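Engineer: Below you will find the structure I want to go over with you.
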There are 2 protein chains.
Amino acid sequence: MSDPLVPELTDLVFQAAGLLRNGFNEIAADLGLTAAQGLALVHLRGRAPMRELAEIMSCDASNITGIVDGLERRGLVTRQTAPTDRRIKHVVLTDEGLYCQNRLTTEANNRAAALFAVLGADRRRLNDLLTAVVHQGR
Amino acid sequence: MSDPLVPELTDLVFQAAGLLRNGFNEIAADLGLTAAQGLALVHLRGRAPMRELAEIMSCDASNITGIVDGLERRGLVTRQTAPTDRRIKHVVLTDEGLYCQNRLTTEANNRAAALFAVLGADRRRLNDLLTAVVHQGR
DNA sequence: GTAGATACTTGAGCAACTCAACAATCGAGG
DNA sequence: CCTCGATTGTTGAGTTGCTCAAGTATCTAC
């Protein structure tokens, strides 16, 4: 009764994710960023409190401190205390940070596009199928 | 000219992989294993030289030493020097190791099956699409 | 039998992560 | 006003996973 397709599917998802992740990490490394720093940078839409970053990356807040420290040392980001609530520190992209973010997202997107191009119009189909799976997982 | 579907697809693949990985890690943790130990255990088909494990998990051989140390401490695995080439140490499952491996694979498979069940007969379709993508990546 | 390759281990070092404890700040009830 | 409890971020300790360089033991080929 167990479907032999399931382990295969699991493996394929891991492999596809691995390809995408390796691509992303390579680009990040080219920019002198660790994988976690790259991820944090990409997830910054303009500005965001540390807390929000922690939730997005689903990790402890104390972890974000170190990652943002690195981004700040590289001059890609600054911390700005929110005037309305001085507990909160907004992580704000600098000009160079914005440039890095753009390169990271567009180059990662290019690589991903090259990977998915083989599907042609079936990309829509893959999108639907994966959406169903991910939606099931919650 | 850039397809807005590509970032979405990338995100979906990461999310699906994340769901599967979290499931696996949880089961491994229940068995008192770290994620890497669980992975190594699952990839052991009977016996394998350390070297082979390193290739399968695509990491440095020295990393495997530590992981297998942990598995050996837990009594799931023993090191056996190969008689034909005494440099090589085979990692061999103990009875308890075999039991853990079975629980890990079957429970992970059950979780994955629950996730993919929503697709019905389209699982085959997803399999084909992902195969094409992964194949493109090499 | 010696030279070079191969398999594993060890130790140093780093990144990422968690947890517990802490300081600063906010908000609400008395 | 002002104290109590909650919230934000930081720090420090400790673990895991990983890499690299160096070392040991063993094999292979000349």
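By convention here, the chains of the structure tokens are called A, B, ... in the order presented, each chain's residues are numbered starting at 1, and ligands are numbered starting at 1 in the order presented.
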List every residue of chain B that has an atom at most 8 Å from any atom of chain D, giving for each one its closest atom pair and the distance in Å to one decimal, counting only C-alpha atoms (C1' of nucleotides), sorted by chain and then by ascending residue number, as CSV.
Structural biologist:
residue,atom,partner,partner_atom,distance
B:Ala36,CA,D:DG17,C1',7.9
B:Cys59,CA,D:DC18,C1',7.9
B:Asp60,CA,D:DT19,C1',7.2
B:Asn63,CA,D:DC18,C1',6.8
B:Asp85,CA,D:DC27,C1',7.2
B:Arg86,CA,D:DT26,C1',6.4
B:Arg87,CA,D:DT26,C1',5.3
Engineer: Keeping only N, CA and C atoms, write those residues as a JSON list (two decimals), in the first residue's frame.
Structural biologist:
[["chain", "number", "residue", "atom", "x", "y", "z"],
["B", 36, "ALA", "N", 22.21, 15.35, 11.00],
["B", 36, "ALA", "CA", 23.28, 14.75, 10.20],
["B", 36, "ALA", "C", 23.42, 13.26, 10.51],
["B", 59, "CYS", "N", 30.33, 15.99, 1.59],
["B", 59, "CYS", "CA", 31.05, 16.80, 2.55],
["B", 59, "CYS", "C", 32.42, 16.19, 2.77],
["B", 60, "ASP", "N", 33.24, 16.89, 3.53],
["B", 60, "ASP", "CA", 34.60, 16.43, 3.79],
["B", 60, "ASP", "C", 34.58, 15.13, 4.60],
["B", 63, "ASN", "N", 34.46, 15.25, 8.36],
["B", 63, "ASN", "CA", 33.16, 15.54, 8.96],
["B", 63, "ASN", "C", 32.46, 14.24, 9.34],
["B", 85, "ASP", "N", 41.61, -4.22, 2.54],
["B", 85, "ASP", "CA", 42.36, -2.95, 2.53],
["B", 85, "ASP", "C", 42.20, -2.32, 3.90],
["B", 86, "ARG", "N", 43.26, -2.44, 4.71],
["B", 86, "ARG", "CA", 43.10, -2.09, 6.12],
["B", 86, "ARG", "C", 43.06, -0.59, 6.34],
["B", 87, "ARG", "N", 43.18, 0.21, 5.28],
["B", 87, "ARG", "CA", 42.95, 1.64, 5.46],
["B", 87, "ARG", "C", 41.47, 1.93, 5.60]]
Engineer: Which chain A residues are at most 10 Å from chain B (counting only C-alpha atoms), as a PyMOL selection string?
Structural biologist: chain A and resi 2-21+105-106+108-119+122-138
Engineer: Pull N, CA and C atoms from the residues just selected and write them as a short mmCIF file (atom, residue, chain, number, x, y, z; two decimals), in the first residue's frame.
Structural biologist:
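Output file selection.cif is given in full below:
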data_model
loop_
_atom_site.label_atom_id
_atom_site.label_comp_id
_atom_site.auth_asym_id
_atom_site.auth_seq_id
_atom_site.Cartn_x
_atom_site.Cartn_y
_atom_site.Cartn_z
N SER A 2 2.15 1.07 0.31
CA SER A 2 3.00 2.26 0.31
C SER A 2 3.48 2.56 -1.10
N ASP A 3 3.34 3.80 -1.49
CA ASP A 3 3.63 4.22 -2.86
C ASP A 3 5.14 4.40 -3.05
N PRO A 4 5.72 3.65 -3.96
CA PRO A 4 7.17 3.76 -4.18
C PRO A 4 7.57 5.12 -4.74
N LEU A 5 6.57 5.90 -5.16
CA LEU A 5 6.85 7.21 -5.73
C LEU A 5 7.21 8.22 -4.63
N VAL A 6 6.75 7.95 -3.41
CA VAL A 6 6.92 8.95 -2.34
C VAL A 6 8.38 9.20 -2.00
N PRO A 7 9.19 8.16 -1.75
CA PRO A 7 10.59 8.44 -1.47
C PRO A 7 11.28 9.13 -2.63
N GLU A 8 10.87 8.74 -3.82
CA GLU A 8 11.47 9.36 -5.01
C GLU A 8 11.13 10.85 -5.06
N LEU A 9 9.88 11.16 -4.82
CA LEU A 9 9.46 12.56 -4.80
C LEU A 9 10.21 13.34 -3.74
N THR A 10 10.33 12.75 -2.56
CA THR A 10 11.06 13.40 -1.48
C THR A 10 12.47 13.73 -1.92
N ASP A 11 13.11 12.75 -2.50
CA ASP A 11 14.49 12.94 -2.96
C ASP A 11 14.57 14.04 -4.01
N LEU A 12 13.62 14.05 -4.93
CA LEU A 12 13.65 15.06 -5.99
C LEU A 12 13.48 16.46 -5.42
N VAL A 13 12.57 16.60 -4.47
CA VAL A 13 12.37 17.92 -3.87
C VAL A 13 13.67 18.37 -3.20
N PHE A 14 14.32 17.45 -2.47
CA PHE A 14 15.58 17.80 -1.81
C PHE A 14 16.64 18.18 -2.84
N GLN A 15 16.69 17.43 -3.92
CA GLN A 15 17.70 17.73 -4.94
C GLN A 15 17.45 19.08 -5.59
N ALA A 16 16.19 19.35 -5.93
CA ALA A 16 15.87 20.63 -6.56
C ALA A 16 16.20 21.77 -5.61
N ALA A 17 15.81 21.61 -4.35
CA ALA A 17 16.11 22.65 -3.36
C ALA A 17 17.62 22.81 -3.21
N GLY A 18 18.33 21.70 -3.23
CA GLY A 18 19.79 21.77 -3.12
C GLY A 18 20.41 22.54 -4.26
N LEU A 19 19.93 22.30 -5.48
CA LEU A 19 20.45 23.03 -6.63
C LEU A 19 20.22 24.52 -6.46
N LEU A 20 19.00 24.88 -6.09
CA LEU A 20 18.68 26.30 -5.93
C LEU A 20 19.51 26.90 -4.81
N ARG A 21 19.64 26.17 -3.72
CA ARG A 21 20.38 26.70 -2.57
C ARG A 21 21.85 26.87 -2.91
N THR A 105 19.30 39.03 -5.73
CA THR A 105 17.99 38.56 -6.17
C THR A 105 17.95 38.32 -7.67
N THR A 106 18.52 39.25 -8.44
CA THR A 106 18.40 39.06 -9.89
C THR A 106 19.25 37.88 -10.37
N ALA A 108 20.22 35.26 -8.60
CA ALA A 108 19.60 34.02 -8.14
C ALA A 108 18.40 33.70 -9.01
N ASN A 109 17.66 34.73 -9.36
CA ASN A 109 16.49 34.53 -10.20
C ASN A 109 16.90 34.03 -11.59
N ASN A 110 17.98 34.56 -12.12
CA ASN A 110 18.45 34.10 -13.42
C ASN A 110 18.79 32.62 -13.39
N ARG A 111 19.53 32.24 -12.35
CA ARG A 111 19.89 30.82 -12.24
C ARG A 111 18.64 29.94 -12.12
N ALA A 112 17.72 30.39 -11.29
CA ALA A 112 16.49 29.61 -11.11
C ALA A 112 15.73 29.52 -12.42
N ALA A 113 15.68 30.64 -13.15
CA ALA A 113 14.96 30.65 -14.43
C ALA A 113 15.58 29.65 -15.39
N ALA A 114 16.93 29.59 -15.40
CA ALA A 114 17.61 28.64 -16.28
C ALA A 114 17.23 27.21 -15.93
N LEU A 115 17.03 26.99 -14.64
CA LEU A 115 16.68 25.64 -14.17
C LEU A 115 15.25 25.28 -14.58
N PHE A 116 14.35 26.22 -14.40
CA PHE A 116 12.94 25.94 -14.64
C PHE A 116 12.56 26.08 -16.11
N ALA A 117 13.45 26.69 -16.91
CA ALA A 117 13.12 26.93 -18.31
C ALA A 117 12.79 25.65 -19.05
N VAL A 118 13.42 24.55 -18.63
CA VAL A 118 13.22 23.28 -19.30
C VAL A 118 11.76 22.84 -19.28
N LEU A 119 11.00 23.38 -18.35
CA LEU A 119 9.61 22.96 -18.22
C LEU A 119 8.69 23.66 -19.23
N ASP A 122 4.84 24.27 -18.65
CA ASP A 122 4.49 23.43 -17.51
C ASP A 122 4.92 24.03 -16.17
N ARG A 123 5.62 25.15 -16.23
CA ARG A 123 5.99 25.80 -14.97
C ARG A 123 4.74 26.09 -14.16
N ARG A 124 3.72 26.53 -14.86
CA ARG A 124 2.46 26.80 -14.17
C ARG A 124 1.94 25.56 -13.46
N ARG A 125 2.06 24.45 -14.15
CA ARG A 125 1.59 23.18 -13.59
C ARG A 125 2.39 22.82 -12.32
N LEU A 126 3.72 22.95 -12.42
CA LEU A 126 4.57 22.66 -11.25
C LEU A 126 4.20 23.59 -10.10
N ASN A 127 3.95 24.84 -10.44
CA ASN A 127 3.56 25.80 -9.43
C ASN A 127 2.29 25.35 -8.69
N ASP A 128 1.31 24.91 -9.46
CA ASP A 128 0.06 24.47 -8.85
C ASP A 128 0.27 23.25 -7.95
N LEU A 129 1.03 22.30 -8.46
CA LEU A 129 1.25 21.07 -7.69
C LEU A 129 1.98 21.37 -6.38
N LEU A 130 3.03 22.16 -6.46
CA LEU A 130 3.80 22.48 -5.25
C LEU A 130 2.98 23.31 -4.28
N THR A 131 2.16 24.20 -4.83
CA THR A 131 1.28 24.99 -3.96
C THR A 131 0.37 24.08 -3.15
N ALA A 132 -0.16 23.09 -3.82
CA ALA A 132 -1.05 22.15 -3.12
C ALA A 132 -0.30 21.42 -2.02
N VAL A 133 0.91 20.99 -2.32
CA VAL A 133 1.71 20.25 -1.32
C VAL A 133 2.02 21.15 -0.13
N VAL A 134 2.51 22.36 -0.43
CA VAL A 134 2.90 23.27 0.65
C VAL A 134 1.68 23.65 1.48
N HIS A 135 0.57 23.85 0.80
CA HIS A 135 -0.65 24.22 1.52
C HIS A 135 -1.09 23.07 2.43
N GLN A 136 -0.89 21.87 1.97
CA GLN A 136 -1.24 20.68 2.76
C GLN A 136 -0.41 20.64 4.04
N GLY A 137 0.81 21.15 3.95
CA GLY A 137 1.72 21.08 5.09
C GLY A 137 1.39 22.06 6.18
N ARG A 138 0.21 22.69 6.13
CA ARG A 138 -0.16 23.64 7.20
C ARG A 138 -1.62 23.58 7.55
#
Engineer: Hey, which bits of chain A sit within 12 Å of chain C, and for each residue what's the closest pair of atoms and how far apart in Å (one decimal), counting only C-alpha atoms (C1' of nucleotides), rows by chain and increasing number, as CSV?
Structural biologist:
residue,atom,partner,partner_atom,distance
A:Leu33,CA,C:DA15,C1',11.3
A:Thr34,CA,C:DA15,C1',8.1
A:Ala35,CA,C:DA15,C1',9.4
A:Ala36,CA,C:DA16,C1',8.0
A:Gln37,CA,C:DA15,C1',10.4
A:Met57,CA,C:DC17,C1',11.9
A:Ser58,CA,C:DC17,C1',11.2
A:Cys59,CA,C:DC17,C1',7.9
A:Asp60,CA,C:DT18,C1',7.2
A:Ala61,CA,C:DT18,C1',10.1
A:Ser62,CA,C:DT18,C1',8.9
A:Asn63,CA,C:DC17,C1',6.7
A:Ile64,CA,C:DA16,C1',10.0
A:Thr65,CA,C:DA16,C1',11.7
A:Gly66,CA,C:DA16,C1',9.3
A:Ile67,CA,C:DA16,C1',9.0
A:Gly70,CA,C:DA15,C1',11.0
A:Thr81,CA,C:DT25,C1',11.7
A:Ala82,CA,C:DT25,C1',11.6
A:Pro83,CA,C:DT25,C1',11.8
A:Thr84,CA,C:DC26,C1',10.1
A:Asp85,CA,C:DC26,C1',7.3
A:Arg86,CA,C:DT25,C1',6.5
A:Arg87,CA,C:DT25,C1',5.4
A:Ile88,CA,C:DT25,C1',9.1
A:Lys89,CA,C:DT25,C1',12.0
Engineer: Quick one, how far is atom CA of Tyr99 of chain A from atom CA of Ile56 of chain A?
Structural biologist: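 Here the two named atoms are 21.5 Å from each other.
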Engineer: For the alpha helix (DSSP H) assignment from backbone DSSP, which residues of segment 73-131 of chain B qualify? Please present them as a PDB file with N, CA and C atoms, in the first residue's frame.
Structural biologist:
ATOM      1  N   ARG B  73      28.776   5.898  19.444  1.00  0.00           N
ATOM      2  CA  ARG B  73      28.512   6.080  20.875  1.00  0.00           C
ATOM      3  C   ARG B  73      27.116   5.602  21.227  1.00  0.00           C
ATOM      4  N   ASP B  95      22.134  -4.187  15.224  1.00  0.00           N
ATOM      5  CA  ASP B  95      20.702  -4.510  15.217  1.00  0.00           C
ATOM      6  C   ASP B  95      19.892  -3.278  15.589  1.00  0.00           C
ATOM      7  N   GLU B  96      20.357  -2.580  16.628  1.00  0.00           N
ATOM      8  CA  GLU B  96      19.634  -1.390  17.053  1.00  0.00           C
ATOM      9  C   GLU B  96      19.706  -0.322  15.959  1.00  0.00           C
ATOM     10  N   GLY B  97      20.828  -0.275  15.273  1.00  0.00           N
ATOM     11  CA  GLY B  97      20.971   0.679  14.181  1.00  0.00           C
ATOM     12  C   GLY B  97      19.981   0.387  13.070  1.00  0.00           C
ATOM     13  N   LEU B  98      19.820  -0.890  12.796  1.00  0.00           N
ATOM     14  CA  LEU B  98      18.876  -1.288  11.753  1.00  0.00           C
ATOM     15  C   LEU B  98      17.459  -0.900  12.144  1.00  0.00           C
ATOM     16  N   TYR B  99      17.151  -1.107  13.438  1.00  0.00           N
ATOM     17  CA  TYR B  99      15.831  -0.744  13.935  1.00  0.00           C
ATOM     18  C   TYR B  99      15.600   0.756  13.782  1.00  0.00           C
ATOM     19  N   CYS B 100      16.584   1.543  14.186  1.00  0.00           N
ATOM     20  CA  CYS B 100      16.466   2.999  14.065  1.00  0.00           C
ATOM     21  C   CYS B 100      16.332   3.414  12.609  1.00  0.00           C
ATOM     22  N   GLN B 101      17.131   2.816  11.779  1.00  0.00           N
ATOM     23  CA  GLN B 101      17.061   3.146  10.354  1.00  0.00           C
ATOM     24  C   GLN B 101      15.661   2.887   9.816  1.00  0.00           C
ATOM     25  N   ASN B 102      15.102   1.738  10.181  1.00  0.00           N
ATOM     26  CA  ASN B 102      13.758   1.406   9.719  1.00  0.00           C
ATOM     27  C   ASN B 102      12.732   2.419  10.197  1.00  0.00           C
ATOM     28  N   ARG B 103      12.786   2.725  11.492  1.00  0.00           N
ATOM     29  CA  ARG B 103      11.825   3.700  12.021  1.00  0.00           C
ATOM     30  C   ARG B 103      11.973   5.029  11.309  1.00  0.00           C
ATOM     31  N   LEU B 104      13.194   5.426  11.115  1.00  0.00           N
ATOM     32  CA  LEU B 104      13.451   6.718  10.488  1.00  0.00           C
ATOM     33  C   LEU B 104      12.897   6.746   9.064  1.00  0.00           C
ATOM     34  N   THR B 105      13.205   5.732   8.303  1.00  0.00           N
ATOM     35  CA  THR B 105      12.770   5.744   6.898  1.00  0.00           C
ATOM     36  C   THR B 105      11.263   5.589   6.788  1.00  0.00           C
ATOM     37  N   THR B 106      10.693   4.664   7.552  1.00  0.00           N
ATOM     38  CA  THR B 106       9.253   4.454   7.392  1.00  0.00           C
ATOM     39  C   THR B 106       8.455   5.642   7.902  1.00  0.00           C
ATOM     40  N   GLU B 107       8.871   6.212   9.042  1.00  0.00           N
ATOM     41  CA  GLU B 107       8.098   7.346   9.561  1.00  0.00           C
ATOM     42  C   GLU B 107       8.261   8.579   8.681  1.00  0.00           C
ATOM     43  N   ALA B 108       9.474   8.790   8.203  1.00  0.00           N
ATOM     44  CA  ALA B 108       9.678   9.918   7.290  1.00  0.00           C
ATOM     45  C   ALA B 108       8.846   9.705   6.036  1.00  0.00           C
ATOM     46  N   ASN B 109       8.795   8.471   5.585  1.00  0.00           N
ATOM     47  CA  ASN B 109       8.019   8.165   4.389  1.00  0.00           C
ATOM     48  C   ASN B 109       6.529   8.397   4.638  1.00  0.00           C
ATOM     49  N   ASN B 110       6.071   8.036   5.814  1.00  0.00           N
ATOM     50  CA  ASN B 110       4.661   8.249   6.134  1.00  0.00           C
ATOM     51  C   ASN B 110       4.321   9.738   6.092  1.00  0.00           C
ATOM     52  N   ARG B 111       5.179  10.526   6.706  1.00  0.00           N
ATOM     53  CA  ARG B 111       4.924  11.969   6.709  1.00  0.00           C
ATOM     54  C   ARG B 111       4.919  12.511   5.285  1.00  0.00           C
ATOM     55  N   ALA B 112       5.902  12.079   4.507  1.00  0.00           N
ATOM     56  CA  ALA B 112       5.987  12.559   3.130  1.00  0.00           C
ATOM     57  C   ALA B 112       4.746  12.134   2.359  1.00  0.00           C
ATOM     58  N   ALA B 113       4.306  10.891   2.583  1.00  0.00           N
ATOM     59  CA  ALA B 113       3.127  10.387   1.884  1.00  0.00           C
ATOM     60  C   ALA B 113       1.912  11.239   2.214  1.00  0.00           C
ATOM     61  N   ALA B 114       1.800  11.627   3.496  1.00  0.00           N
ATOM     62  CA  ALA B 114       0.674  12.461   3.909  1.00  0.00           C
ATOM     63  C   ALA B 114       0.704  13.797   3.181  1.00  0.00           C
ATOM     64  N   LEU B 115       1.905  14.271   2.944  1.00  0.00           N
ATOM     65  CA  LEU B 115       2.055  15.563   2.277  1.00  0.00           C
ATOM     66  C   LEU B 115       1.685  15.451   0.794  1.00  0.00           C
ATOM     67  N   PHE B 116       2.149  14.392   0.165  1.00  0.00           N
ATOM     68  CA  PHE B 116       1.956  14.250  -1.272  1.00  0.00           C
ATOM     69  C   PHE B 116       0.584  13.664  -1.619  1.00  0.00           C
ATOM     70  N   ARG B 123       0.781  12.846  -8.566  1.00  0.00           N
ATOM     71  CA  ARG B 123       2.122  12.641  -8.027  1.00  0.00           C
ATOM     72  C   ARG B 123       3.080  12.260  -9.155  1.00  0.00           C
ATOM     73  N   ARG B 124       2.580  11.440 -10.056  1.00  0.00           N
ATOM     74  CA  ARG B 124       3.410  11.041 -11.187  1.00  0.00           C
ATOM     75  C   ARG B 124       3.846  12.261 -12.003  1.00  0.00           C
ATOM     76  N   ARG B 125       2.903  13.166 -12.151  1.00  0.00           N
ATOM     77  CA  ARG B 125       3.181  14.385 -12.918  1.00  0.00           C
ATOM     78  C   ARG B 125       4.255  15.225 -12.216  1.00  0.00           C
ATOM     79  N   LEU B 126       4.090  15.390 -10.918  1.00  0.00           N
ATOM     80  CA  LEU B 126       5.080  16.152 -10.156  1.00  0.00           C
ATOM     81  C   LEU B 126       6.446  15.496 -10.263  1.00  0.00           C
ATOM     82  N   ASN B 127       6.433  14.188 -10.194  1.00  0.00           N
ATOM     83  CA  ASN B 127       7.685  13.439 -10.319  1.00  0.00           C
ATOM     84  C   ASN B 127       8.371  13.755 -11.650  1.00  0.00           C
ATOM     85  N   ASP B 128       7.608  13.740 -12.711  1.00  0.00           N
ATOM     86  CA  ASP B 128       8.185  14.004 -14.038  1.00  0.00           C
ATOM     87  C   ASP B 128       8.752  15.418 -14.126  1.00  0.00           C
ATOM     88  N   LEU B 129       7.983  16.380 -13.630  1.00  0.00           N
ATOM     89  CA  LEU B 129       8.419  17.775 -13.715  1.00  0.00           C
ATOM     90  C   LEU B 129       9.703  17.992 -12.920  1.00  0.00           C
ATOM     91  N   LEU B 130       9.718  17.472 -11.696  1.00  0.00           N
ATOM     92  CA  LEU B 130      10.906  17.666 -10.859  1.00  0.00           C
ATOM     93  C   LEU B 130      12.112  16.933 -11.437  1.00  0.00           C
ATOM     94  N   THR B 131      11.854  15.761 -12.010  1.00  0.00           N
ATOM     95  CA  THR B 131      12.951  15.025 -12.642  1.00  0.00           C
ATOM     96  C   THR B 131      13.580  15.865 -13.746  1.00  0.00           C
TER      97      THR B 131
END
